[in-house]
Number of protein chains: 2
Amino acid sequence: MDPPAPTPFVDDLRAALGDDAVDVTAATRERYGRNRLPLGDRLPLLVVYPDNTAAVQSTVRLANRHGVALYPVSTGENSGLGLRSPSHRSCAVVDLGARMNRILGVDEVLCTAELEPGVSYQQLYDELERRGHPLMLDTTSGPPDGGIVGNTLDKGAGYTPYFDHFGMSCGLEVVLGDGRVLRTADGALPGSRTWHLGKYGYGPFLDGLFVQSNFGIVTRLGVWLMPRPPVIRTFFFLYPDDDDLVEIMERVRPLKLSNAVPTLLKVTSDLYGLGTVTRYPTARSGGVTPLPDALRRELREEHGLGAWCVSGALYGATEESIAPALARVRAHFEASGRARYVSHEEALEHPAHRIHVDTFSGRPTRQELGLLEWRAGGGAAWFLPATPVVGAIAREHQRLSRRILAEHGFEYVVELVCGPRLARALHLILFDRRDPDEAARARDCYRALAAAYAAAGYPVSRAPLDFQAEAMTRLDTFPEVCASLKHALDPGGVLAPGRYGIE
Amino acid sequence: MDPPAPTPFVDDLRAALGDDAVDVTAATRERYGRNRLPLGDRLPLLVVYPDNTAAVQSTVRLANRHGVALYPVSTGENSGLGLRSPSHRSCAVVDLGARMNRILGVDEVLCTAELEPGVSYQQLYDELERRGHPLMLDTTSGPPDGGIVGNTLDKGAGYTPYFDHFGMSCGLEVVLGDGRVLRTADGALPGSRTWHLGKYGYGPFLDGLFVQSNFGIVTRLGVWLMPRPPVIRTFFFLYPDDDDLVEIMERVRPLKLSNAVPTLLKVTSDLYGLGTVTRYPTARSGGVTPLPDALRRELREEHGLGAWCVSGALYGATEESIAPALARVRAHFEASGRARYVSHEEALEHPAHRIHVDTFSGRPTRQELGLLEWRAGGGAAWFLPATPVVGAIAREHQRLSRRILAEHGFEYVVELVCGPRLARALHLILFDRRDPDEAARARDCYRALAAAYAAAGYPVSRAPLDFQAEAMTRLDTFPEVCASLKHALDPGGVLAPGRYGIE
């Protein structure tokens with residue numbers, strides 16, 4: 001078992017925050033240490049539940065005094081990336097989700113919200129529903145209980161025009177590693193009325209320091225919301241072959257560059273869709289893994305999926321005002337004769353497509369989480385490089401990924417979420433975590449993928465806890481600069497040592 | 001006269017960069033020290049002309065060795081903000097515009113360009129013209145010779161969907177104050193193929209550190225470009241009274257929040273338009289300043305301008321595809337009966353409106369610069385707060401600005417450039433810089449405006465050199481954090497001490 005919680009720190013924390021704000025029990029530590037990654041669970045020393053910014057400051061100051069490292073989490077719902085597990089075992093998890101989960105304000109005129117770190121996508125959706133949906137949020141396809149602030153700070157993204165969660169955030173409050181409280185951008189002016197309206201403020205724009213790092217604990221964030229479009233119409237095009245990806249990417253790029261489609265375009269592989277509605281066909285495959293291609297083809301036909309499914313949505317005041325744009329999109333994708341169109345109405349009846357209707361409409365969904373259970377044993381790790389929206393490059397990336405995944409005994413479960421220039425290439429490595437050999441293969445597979453993509457010039461944009469440090473070591477000068485910044489903002493090194501490879 | 005250039009530094013610089021890369025002549029120092037601001041010119045010690053990143057590194061290292069401060073400028077064309085003048089007189093200006101002005105690449109497929117700091121708007125426009133205009137840039141309404149990198153790093157902006165120059169930049173190379181060279185975002189991976197495609201990279205997003213600061217010298221920048229829309233149609237609405245601003249802002253907000261108009265919407269005051277086509281009517285006013293209201297009304301009628309002019313543009317594949325959206329915009333602004341519509345064709349014939357046609361079409365223009373000559377004597381200072389796009393707030397801001405400007409003897413020369421939530425409220429204080437009393441009033445006027453807006457909760461987003469330090473002192477904790485970062489990245493304090501109030 002791990003070392004016991006350091007008592008003087010716990011005593012001081014309890015004195016400052018209250019007895020019930022600190023939990024050192026084995027059950028809690030186990031719960032917070034659990035994750036789905038190949039390298040195993042990572043139990044924290046203890047868990048702290050601050051209720052407000054001052055309590056976070058006290059926690060940080062005590063951590064400095066006692067030399068104990070803190071690992072802040074908001075809702076900790078990032079399955080396949082680490083959940084609530086700290087980078088190092090000798091950390092106290094600071095759970096901001098438990099008590100700091102208030103929606104501090106919604107401005108229906110200027111379309112903003114002010115949030116504490118624990119506010120979930122479902123919670124904000126429910127609040128907007130209570131108000132009659134004047135506004136629409138951009139949600140992930142991950143758990144509805146996922147936190148908006150945590151996702152934003154990990155550079156998570158959604159699918160609507162507000163997909164870029166960091167880009168659509170505006171002004172944050174952060175407790176630095178030395179205990180100072182900073183309000184960024186226009187929030188630096190006492191009494192500011194534009195904190196969550198103007199993104200960049202005066203002087204350097206510092207918000208970016210607090211994404212994927214360990215320089216501070218964000219305690220409040222402004223986010224921008226869209227007025228809900230009166231009419232949302234999704235569209236789908238199914239392509240029959242893996243190699244159709246080349247044509248797809250060439251068709252997607254001009255639509256996004258001209259903004260003819262306001263949402264991102266998802267390009268979803270067969271198994272990424274199938275995994276949301278079915279499980280690995282162990283009996284039909286005779287226990288063989290990875291899934292044979294012939295069986296993959298059978299399954300996608302049975303479930304009405306293509307090798308690739310392209311989806312997106314149009315927004316407008318009326319059905320009629322959308323119709324010409326929809327006709328143009330159809331003509332564009334149907335030109336080569338390879339795509340089969342699926343309408344919004346048909347998609348509503350198909351659980352795999354329904355996920356896309358929901359995400360393009362700002363509705364949290366649980367359906368995509370089914371993917372995590374494709375293979376028994378619950379192991380999952382996201383590999384997240386980006387692919388330029390260019391057919392020839394996407395073809396090379398598909399080949400590379402399929403080869404490496406197959407060599408390690410895993411399926412190609414990928415969704416390319418396409419903007420005008422880059423697609424986030426969401427690769428999900430699914431494995432039986434109870435089987436040490438399979439977990440080791442998952443680890444090796446991630447490493448092989450990351451190494452191959454980096455060698456080809458394609459870095460990852462986000463990494464599971466197990467592989468964060470490794471990705472940082474590939475970068476030039478950047479790690480040293482991060483170390484300089486760490487020393488400037490967290491001289492005691494108490495915040496999340498090792499997170500994203502920054503010690 | 002100022003102290004002579006420190007010889008050992010000059011000798012070392014010449015040995016490292018070549019004799020002609022250093023200029024210590026009085027004429028050059030005077031030229032670089034000149035500006036249009038109230039507090040006078042600021043001559044540098046000397047001027048350095050590096051040719052590449054390694055030369056910038058050498059310059060920075062020598063500055064550290066000799067304890068000489070550097071003040072980097074690109075094209076230095078920011079009239080009314082400081083031009084090439086350094087914050088302190090004891091600086092050596094590093095002119096990146098003279099030799100580091102290469103367009104390093106244009107990617108017509110993924111719509112990006114890679115630029116050195118000296119590349120001007122006109123230069124990139126000319127290059128795109130040479131290529132047959134496959135792409136469109138977003139330009140300022142300032143000098144065509146203004147630098148794209150300098151504008152981006154000062155948080156400058158334009159008017160098209162790519163108006164946010166920092167937001168539409170992607171990946172930079174920077175020489176830090178300690179001489180290290182950092183490539184940000186995906187550029188941190190050696191051999192990266194996505195440096196100018198994916199904005200945020202891995203780990204903390206550091207690009208924001210290098211805007212409005214003095215932590216590094218940016219030597220290369222990626223920028224995103226739009227595919228040129230086949231058809232661009234501007235529209236204009238003239239409103240008769242100053243108080244129509246309330247209605248205007250209420251009409252602008254929903255159009256921008258729903259993105260019914262893809263460009264920003266400009267809301268231009270009478271004198272901001274008039275000043276581009278005429279001079280202060282000294283004879284007709286009998287020498288009186290500020291301009292009497294009755295004469296202002298006469299002038300705007302003579303020149304076919306309203307009290308306010310709203311302008312924007314629609315983009316599309318054909319005239320026909322734009323027509324329904326244009327009809328909706330007209331119905332929206334004409335509903336109250338107060339606005340007079342001016343068509344794209346009419347605007348082409350009107351020099352004040354023509355500025356807007358050009359800027360919404362990505363064409364650099366010299367016409368707006370005429371404004372700087374409204375009053376004789378060439379003094380100009382921008383006051384740049386932001387106003388929420390809410391009628392009632394805009395009314396209060398207009399009253400406040402008109403009162404303070406009039407009290408100091410100046411006109412209200414303002415353009416509100418409106419996004420969905422905030423308008424950049426461009427106030428231009430124009431004064432006779434040869435008259436010490438008028439220059440002192442301009443200084444006091446700026447300070448009174450800045451103080452009044454800050455007291456009401458509205459910070460500035462950008463400031464003239466003369467007033468940068470003052471704006472920083474109004475902020476809470478932010479200045480100390482900037483000082484920590486300065487120490488981390490420029491421990492010798494050699495880069496632009498005092499810029500944006502960071503020593």
# chains A, B, ... in the order shown; residues from 1 in each chain; ligands from 1
$ residues_around --residues "Arg328 (chain A)" --least-positions-apart "2" --cutoff "12 Å" --atoms "only C-alpha atoms" --output "list in words"
Phe235, Leu255, Ala260, Val261, Leu314, Ile322, Ala323, Pro324, Ala325, Leu326, Arg330, Ala331, His332, Phe333, Glu334 and Ala335 of chain A; Ala317 and Ser321 of chain B
$ residues_around --residues "Pro497 (chain A)" --least-positions-apart "6" --cutoff "12 Å" --atoms "only C-alpha atoms" --output "NGL selection string"
:A and (67-72 or 86-93 or 177 or 213-216 or 465 or 468-469 or 483 or 486-487 or 490-491 or 503)
$ write_last_selection --atoms "C-alpha atoms" --output "compact mmCIF listing (two decimals), in the first residue's frame"
# COMPACT_ATOMS: atom_id res chain seq x y z
CA GLY A 67 6.21 20.60 0.54
CA VAL A 68 3.28 18.48 -0.58
CA ALA A 69 2.31 18.38 -4.25
CA LEU A 70 -1.26 19.08 -5.35
CA TYR A 71 -3.07 17.65 -8.34
CA PRO A 72 -6.14 19.70 -9.29
CA PRO A 86 -2.46 12.33 -10.45
CA SER A 87 0.75 12.30 -12.51
CA HIS A 88 2.66 11.20 -9.42
CA ARG A 89 1.43 9.11 -6.51
CA SER A 90 2.70 11.55 -3.91
CA CYS A 91 0.07 14.16 -4.76
CA ALA A 92 -2.99 15.36 -2.91
CA VAL A 93 -5.84 15.59 -5.40
CA GLY A 177 1.54 28.10 -7.51
CA SER A 213 0.20 22.88 -17.79
CA ASN A 214 0.71 23.11 -14.06
CA PHE A 215 1.30 26.81 -13.39
CA GLY A 216 -1.96 27.55 -11.60
CA LEU A 465 -1.39 10.83 -18.42
CA GLN A 468 2.53 13.08 -21.33
CA ALA A 469 6.17 13.33 -20.32
CA ALA A 483 10.53 24.95 -16.86
CA LYS A 486 7.05 26.94 -13.96
CA HIS A 487 9.73 28.38 -11.74
CA ASP A 490 5.09 28.00 -9.04
CA PRO A 491 8.53 28.35 -7.47
CA GLU A 503 8.17 19.08 -13.55
$ interface_residues --of "chain A" --to "chain B" --cutoff "7 Å" --atoms "only C-alpha atoms" --output "PyMOL selection string"
chain A and resi 110+182+186+188-194+197-198+201-206+208-213+226-227+257-258+421-422+457-462+474-478+484-485+488+500
$ select_by_dssp --residues "region 140-343 of chain A" --states "strand (DSSP E or B)" --output "PyMOL selection string"
chain A and resi 147+157+164+169-176+181-183+216-224+226-227+231-239+265-269+308-316+340-342
$ residues_around --residues "Thr282 (chain A)" --least-positions-apart "2" --cutoff "12 Å" --atoms "only C-alpha atoms" --output "list in words"
Thr278, Arg279, Tyr280, Arg284, Ser285, Gly286, Gly287, Val288, Thr289, Pro290, Leu291, Pro292, Leu295, Trp374, Arg375 and Ala376 of chain A
$ write_last_selection --atoms "C-alpha atoms" --output "PDB file, in the first residue's frame"
ATOM      1  CA  THR A 278     -22.454  -3.008 -30.395  1.00  0.00           C
ATOM      2  CA  ARG A 279     -19.614  -4.956 -28.713  1.00  0.00           C
ATOM      3  CA  TYR A 280     -16.636  -6.830 -30.082  1.00  0.00           C
ATOM      4  CA  ARG A 284     -18.410 -14.585 -34.587  1.00  0.00           C
ATOM      5  CA  SER A 285     -14.686 -13.940 -34.809  1.00  0.00           C
ATOM      6  CA  GLY A 286     -13.958 -17.231 -33.057  1.00  0.00           C
ATOM      7  CA  GLY A 287     -12.078 -15.298 -30.377  1.00  0.00           C
ATOM      8  CA  VAL A 288      -9.663 -13.824 -32.909  1.00  0.00           C
ATOM      9  CA  THR A 289      -8.347 -10.286 -32.408  1.00  0.00           C
ATOM     10  CA  PRO A 290      -7.908  -7.879 -34.071  1.00  0.00           C
ATOM     11  CA  LEU A 291     -11.155  -7.940 -36.004  1.00  0.00           C
ATOM     12  CA  PRO A 292     -10.779  -9.520 -39.463  1.00  0.00           C
ATOM     13  CA  LEU A 295     -16.189  -9.412 -40.493  1.00  0.00           C
ATOM     14  CA  TRP A 374     -15.955  -2.360 -27.437  1.00  0.00           C
ATOM     15  CA  ARG A 375     -13.375  -4.730 -26.026  1.00  0.00           C
ATOM     16  CA  ALA A 376     -14.053  -6.306 -22.636  1.00  0.00           C
TER      17      ALA A 376
END
$ residues_around --residues "Asp242 (chain B)" --least-positions-apart "4" --cutoff "9 Å" --atoms "only C-alpha atoms" --output "list in words"
Val246, Ser269, Asp270, Gly306, Ala307, Trp308 and Gln398 of chain B
$ closest_residue --among "B:Asp11, B:Glu302, B:Glu415, B:Asp466" --to "Leu371 (chain B)" --atoms "only C-alpha atoms"
B:Glu415
$ residues_around --residues "Leu62 (chain B)" --least-positions-apart "2" --cutoff "12 Å" --atoms "only C-alpha atoms" --output "PDB file with N, CA, C and O atoms, in the first residue's frame"
ATOM      1  N   PRO B   8      31.775  50.137 -27.315  1.00  0.00           N
ATOM      2  CA  PRO B   8      32.109  48.708 -27.331  1.00  0.00           C
ATOM      3  C   PRO B   8      30.943  47.861 -27.856  1.00  0.00           C
ATOM      4  O   PRO B   8      31.144  46.903 -28.606  1.00  0.00           O
ATOM      5  N   PHE B   9      29.715  48.228 -27.519  1.00  0.00           N
ATOM      6  CA  PHE B   9      28.537  47.508 -28.015  1.00  0.00           C
ATOM      7  C   PHE B   9      28.464  47.622 -29.539  1.00  0.00           C
ATOM      8  O   PHE B   9      28.271  46.629 -30.250  1.00  0.00           O
ATOM      9  N   VAL B  10      28.661  48.859 -30.031  1.00  0.00           N
ATOM     10  CA  VAL B  10      28.609  49.088 -31.474  1.00  0.00           C
ATOM     11  C   VAL B  10      29.709  48.295 -32.180  1.00  0.00           C
ATOM     12  O   VAL B  10      29.466  47.654 -33.209  1.00  0.00           O
ATOM     13  N   ASP B  11      30.881  48.306 -31.624  1.00  0.00           N
ATOM     14  CA  ASP B  11      31.988  47.571 -32.237  1.00  0.00           C
ATOM     15  C   ASP B  11      31.670  46.077 -32.330  1.00  0.00           C
ATOM     16  O   ASP B  11      31.858  45.449 -33.370  1.00  0.00           O
ATOM     17  N   ASP B  12      31.175  45.532 -31.229  1.00  0.00           N
ATOM     18  CA  ASP B  12      30.846  44.100 -31.230  1.00  0.00           C
ATOM     19  C   ASP B  12      29.717  43.790 -32.209  1.00  0.00           C
ATOM     20  O   ASP B  12      29.725  42.760 -32.892  1.00  0.00           O
ATOM     21  N   LEU B  13      28.722  44.678 -32.242  1.00  0.00           N
ATOM     22  CA  LEU B  13      27.606  44.484 -33.174  1.00  0.00           C
ATOM     23  C   LEU B  13      28.104  44.469 -34.614  1.00  0.00           C
ATOM     24  O   LEU B  13      27.711  43.625 -35.415  1.00  0.00           O
ATOM     25  N   ARG B  14      28.979  45.429 -34.928  1.00  0.00           N
ATOM     26  CA  ARG B  14      29.498  45.517 -36.302  1.00  0.00           C
ATOM     27  C   ARG B  14      30.319  44.289 -36.653  1.00  0.00           C
ATOM     28  O   ARG B  14      30.230  43.763 -37.765  1.00  0.00           O
ATOM     29  N   ALA B  15      31.082  43.814 -35.674  1.00  0.00           N
ATOM     30  CA  ALA B  15      31.879  42.611 -35.924  1.00  0.00           C
ATOM     31  C   ALA B  15      30.965  41.411 -36.183  1.00  0.00           C
ATOM     32  O   ALA B  15      31.241  40.570 -37.033  1.00  0.00           O
ATOM     33  N   ALA B  16      29.852  41.363 -35.475  1.00  0.00           N
ATOM     34  CA  ALA B  16      28.967  40.198 -35.592  1.00  0.00           C
ATOM     35  C   ALA B  16      28.049  40.283 -36.807  1.00  0.00           C
ATOM     36  O   ALA B  16      27.810  39.288 -37.493  1.00  0.00           O
ATOM     37  N   LEU B  17      27.505  41.471 -37.074  1.00  0.00           N
ATOM     38  CA  LEU B  17      26.463  41.604 -38.098  1.00  0.00           C
ATOM     39  C   LEU B  17      26.934  42.278 -39.380  1.00  0.00           C
ATOM     40  O   LEU B  17      26.218  42.292 -40.375  1.00  0.00           O
ATOM     41  N   VAL B  48      19.829  48.970 -35.328  1.00  0.00           N
ATOM     42  CA  VAL B  48      20.449  47.729 -35.815  1.00  0.00           C
ATOM     43  C   VAL B  48      19.524  47.100 -36.852  1.00  0.00           C
ATOM     44  O   VAL B  48      18.300  47.116 -36.667  1.00  0.00           O
ATOM     45  N   ALA B  55      21.164  36.528 -36.507  1.00  0.00           N
ATOM     46  CA  ALA B  55      21.634  37.897 -36.257  1.00  0.00           C
ATOM     47  C   ALA B  55      20.856  38.533 -35.103  1.00  0.00           C
ATOM     48  O   ALA B  55      21.414  39.299 -34.308  1.00  0.00           O
ATOM     49  N   VAL B  56      19.570  38.203 -35.002  1.00  0.00           N
ATOM     50  CA  VAL B  56      18.793  38.708 -33.860  1.00  0.00           C
ATOM     51  C   VAL B  56      19.335  38.099 -32.566  1.00  0.00           C
ATOM     52  O   VAL B  56      19.508  38.799 -31.557  1.00  0.00           O
ATOM     53  N   GLN B  57      19.626  36.802 -32.609  1.00  0.00           N
ATOM     54  CA  GLN B  57      20.221  36.157 -31.421  1.00  0.00           C
ATOM     55  C   GLN B  57      21.533  36.829 -31.017  1.00  0.00           C
ATOM     56  O   GLN B  57      21.769  37.093 -29.841  1.00  0.00           O
ATOM     57  N   SER B  58      22.396  37.082 -31.997  1.00  0.00           N
ATOM     58  CA  SER B  58      23.675  37.739 -31.694  1.00  0.00           C
ATOM     59  C   SER B  58      23.432  39.102 -31.059  1.00  0.00           C
ATOM     60  O   SER B  58      24.105  39.474 -30.083  1.00  0.00           O
ATOM     61  N   THR B  59      22.483  39.834 -31.616  1.00  0.00           N
ATOM     62  CA  THR B  59      22.176  41.163 -31.089  1.00  0.00           C
ATOM     63  C   THR B  59      21.717  41.067 -29.630  1.00  0.00           C
ATOM     64  O   THR B  59      22.150  41.850 -28.768  1.00  0.00           O
ATOM     65  N   VAL B  60      20.856  40.102 -29.368  1.00  0.00           N
ATOM     66  CA  VAL B  60      20.329  39.941 -28.007  1.00  0.00           C
ATOM     67  C   VAL B  60      21.452  39.536 -27.046  1.00  0.00           C
ATOM     68  O   VAL B  60      21.542  40.041 -25.918  1.00  0.00           O
ATOM     69  N   ASN B  64      22.859  41.727 -23.846  1.00  0.00           N
ATOM     70  CA  ASN B  64      23.014  41.214 -22.477  1.00  0.00           C
ATOM     71  C   ASN B  64      24.433  41.438 -21.973  1.00  0.00           C
ATOM     72  O   ASN B  64      24.632  41.853 -20.825  1.00  0.00           O
ATOM     73  N   ARG B  65      25.403  41.177 -22.841  1.00  0.00           N
ATOM     74  CA  ARG B  65      26.795  41.310 -22.405  1.00  0.00           C
ATOM     75  C   ARG B  65      27.122  42.760 -22.040  1.00  0.00           C
ATOM     76  O   ARG B  65      27.794  43.020 -21.049  1.00  0.00           O
ATOM     77  N   HIS B  66      26.612  43.700 -22.856  1.00  0.00           N
ATOM     78  CA  HIS B  66      26.963  45.107 -22.651  1.00  0.00           C
ATOM     79  C   HIS B  66      25.933  45.863 -21.818  1.00  0.00           C
ATOM     80  O   HIS B  66      26.104  47.056 -21.560  1.00  0.00           O
ATOM     81  N   GLY B  67      24.849  45.175 -21.456  1.00  0.00           N
ATOM     82  CA  GLY B  67      23.827  45.862 -20.656  1.00  0.00           C
ATOM     83  C   GLY B  67      23.120  46.985 -21.401  1.00  0.00           C
ATOM     84  O   GLY B  67      22.770  48.012 -20.817  1.00  0.00           O
ATOM     85  N   VAL B  68      22.910  46.792 -22.693  1.00  0.00           N
ATOM     86  CA  VAL B  68      22.210  47.800 -23.498  1.00  0.00           C
ATOM     87  C   VAL B  68      20.818  47.278 -23.825  1.00  0.00           C
ATOM     88  O   VAL B  68      20.656  46.116 -24.184  1.00  0.00           O
ATOM     89  N   ALA B  69      19.827  48.132 -23.695  1.00  0.00           N
ATOM     90  CA  ALA B  69      18.459  47.710 -23.977  1.00  0.00           C
ATOM     91  C   ALA B  69      18.157  47.795 -25.472  1.00  0.00           C
ATOM     92  O   ALA B  69      18.652  48.691 -26.158  1.00  0.00           O
ATOM     93  N   LEU B  70      17.352  46.859 -25.930  1.00  0.00           N
ATOM     94  CA  LEU B  70      16.948  46.810 -27.344  1.00  0.00           C
ATOM     95  C   LEU B  70      15.461  47.138 -27.455  1.00  0.00           C
ATOM     96  O   LEU B  70      14.682  46.785 -26.575  1.00  0.00           O
ATOM     97  N   ALA B  92      18.592  50.721 -28.111  1.00  0.00           N
ATOM     98  CA  ALA B  92      18.974  50.543 -29.511  1.00  0.00           C
ATOM     99  C   ALA B  92      17.769  49.952 -30.226  1.00  0.00           C
ATOM    100  O   ALA B  92      17.283  48.887 -29.835  1.00  0.00           O
ATOM    101  N   GLY B 177      14.631  36.875 -24.467  1.00  0.00           N
ATOM    102  CA  GLY B 177      15.567  37.848 -23.936  1.00  0.00           C
ATOM    103  C   GLY B 177      16.899  37.242 -23.512  1.00  0.00           C
ATOM    104  O   GLY B 177      17.905  37.944 -23.389  1.00  0.00           O
ATOM    105  N   ASP B 178      16.899  35.922 -23.293  1.00  0.00           N
ATOM    106  CA  ASP B 178      18.157  35.270 -22.919  1.00  0.00           C
ATOM    107  C   ASP B 178      18.845  34.638 -24.134  1.00  0.00           C
ATOM    108  O   ASP B 178      19.827  33.914 -23.985  1.00  0.00           O
ATOM    109  N   GLY B 179      18.298  34.903 -25.335  1.00  0.00           N
ATOM    110  CA  GLY B 179      18.954  34.436 -26.549  1.00  0.00           C
ATOM    111  C   GLY B 179      18.474  33.092 -27.076  1.00  0.00           C
ATOM    112  O   GLY B 179      18.830  32.703 -28.189  1.00  0.00           O
ATOM    113  N   GLY B 492      18.047  39.444 -18.118  1.00  0.00           N
ATOM    114  CA  GLY B 492      18.892  40.642 -18.190  1.00  0.00           C
ATOM    115  C   GLY B 492      18.095  41.917 -18.394  1.00  0.00           C
ATOM    116  O   GLY B 492      18.654  43.014 -18.337  1.00  0.00           O
ATOM    117  N   VAL B 494      16.842  43.144 -21.097  1.00  0.00           N
ATOM    118  CA  VAL B 494      17.355  43.926 -22.239  1.00  0.00           C
ATOM    119  C   VAL B 494      16.297  44.253 -23.290  1.00  0.00           C
ATOM    120  O   VAL B 494      16.526  45.103 -24.138  1.00  0.00           O
ATOM    121  N   LEU B 495      15.151  43.569 -23.239  1.00  0.00           N
ATOM    122  CA  LEU B 495      14.175  43.799 -24.307  1.00  0.00           C
ATOM    123  C   LEU B 495      13.146  44.855 -23.916  1.00  0.00           C
ATOM    124  O   LEU B 495      12.395  44.690 -22.954  1.00  0.00           O
TER     125      LEU B 495
END
$ select_by_dssp --residues "region 163-332 of chain A" --states "alpha helix (DSSP H)" --output "number ranges by chain"
A: 245-257, 270-274, 293-302, 319-332
$ closest_residue --among "A:Arg99, A:Arg403, A:Arg34, A:Arg84" --to "Asp20 (chain A)" --atoms "only C-alpha atoms"
A:Arg99
$ atom_distance --atom1 "CA of Ala448 (chain A)" --atom2 "CA of Glu407 (chain A)"
10.1 Å
$ atom_distance --atom1 "CA of Glu114 (chain B)" --atom2 "CA of Ala392 (chain A)"
22.3 Å
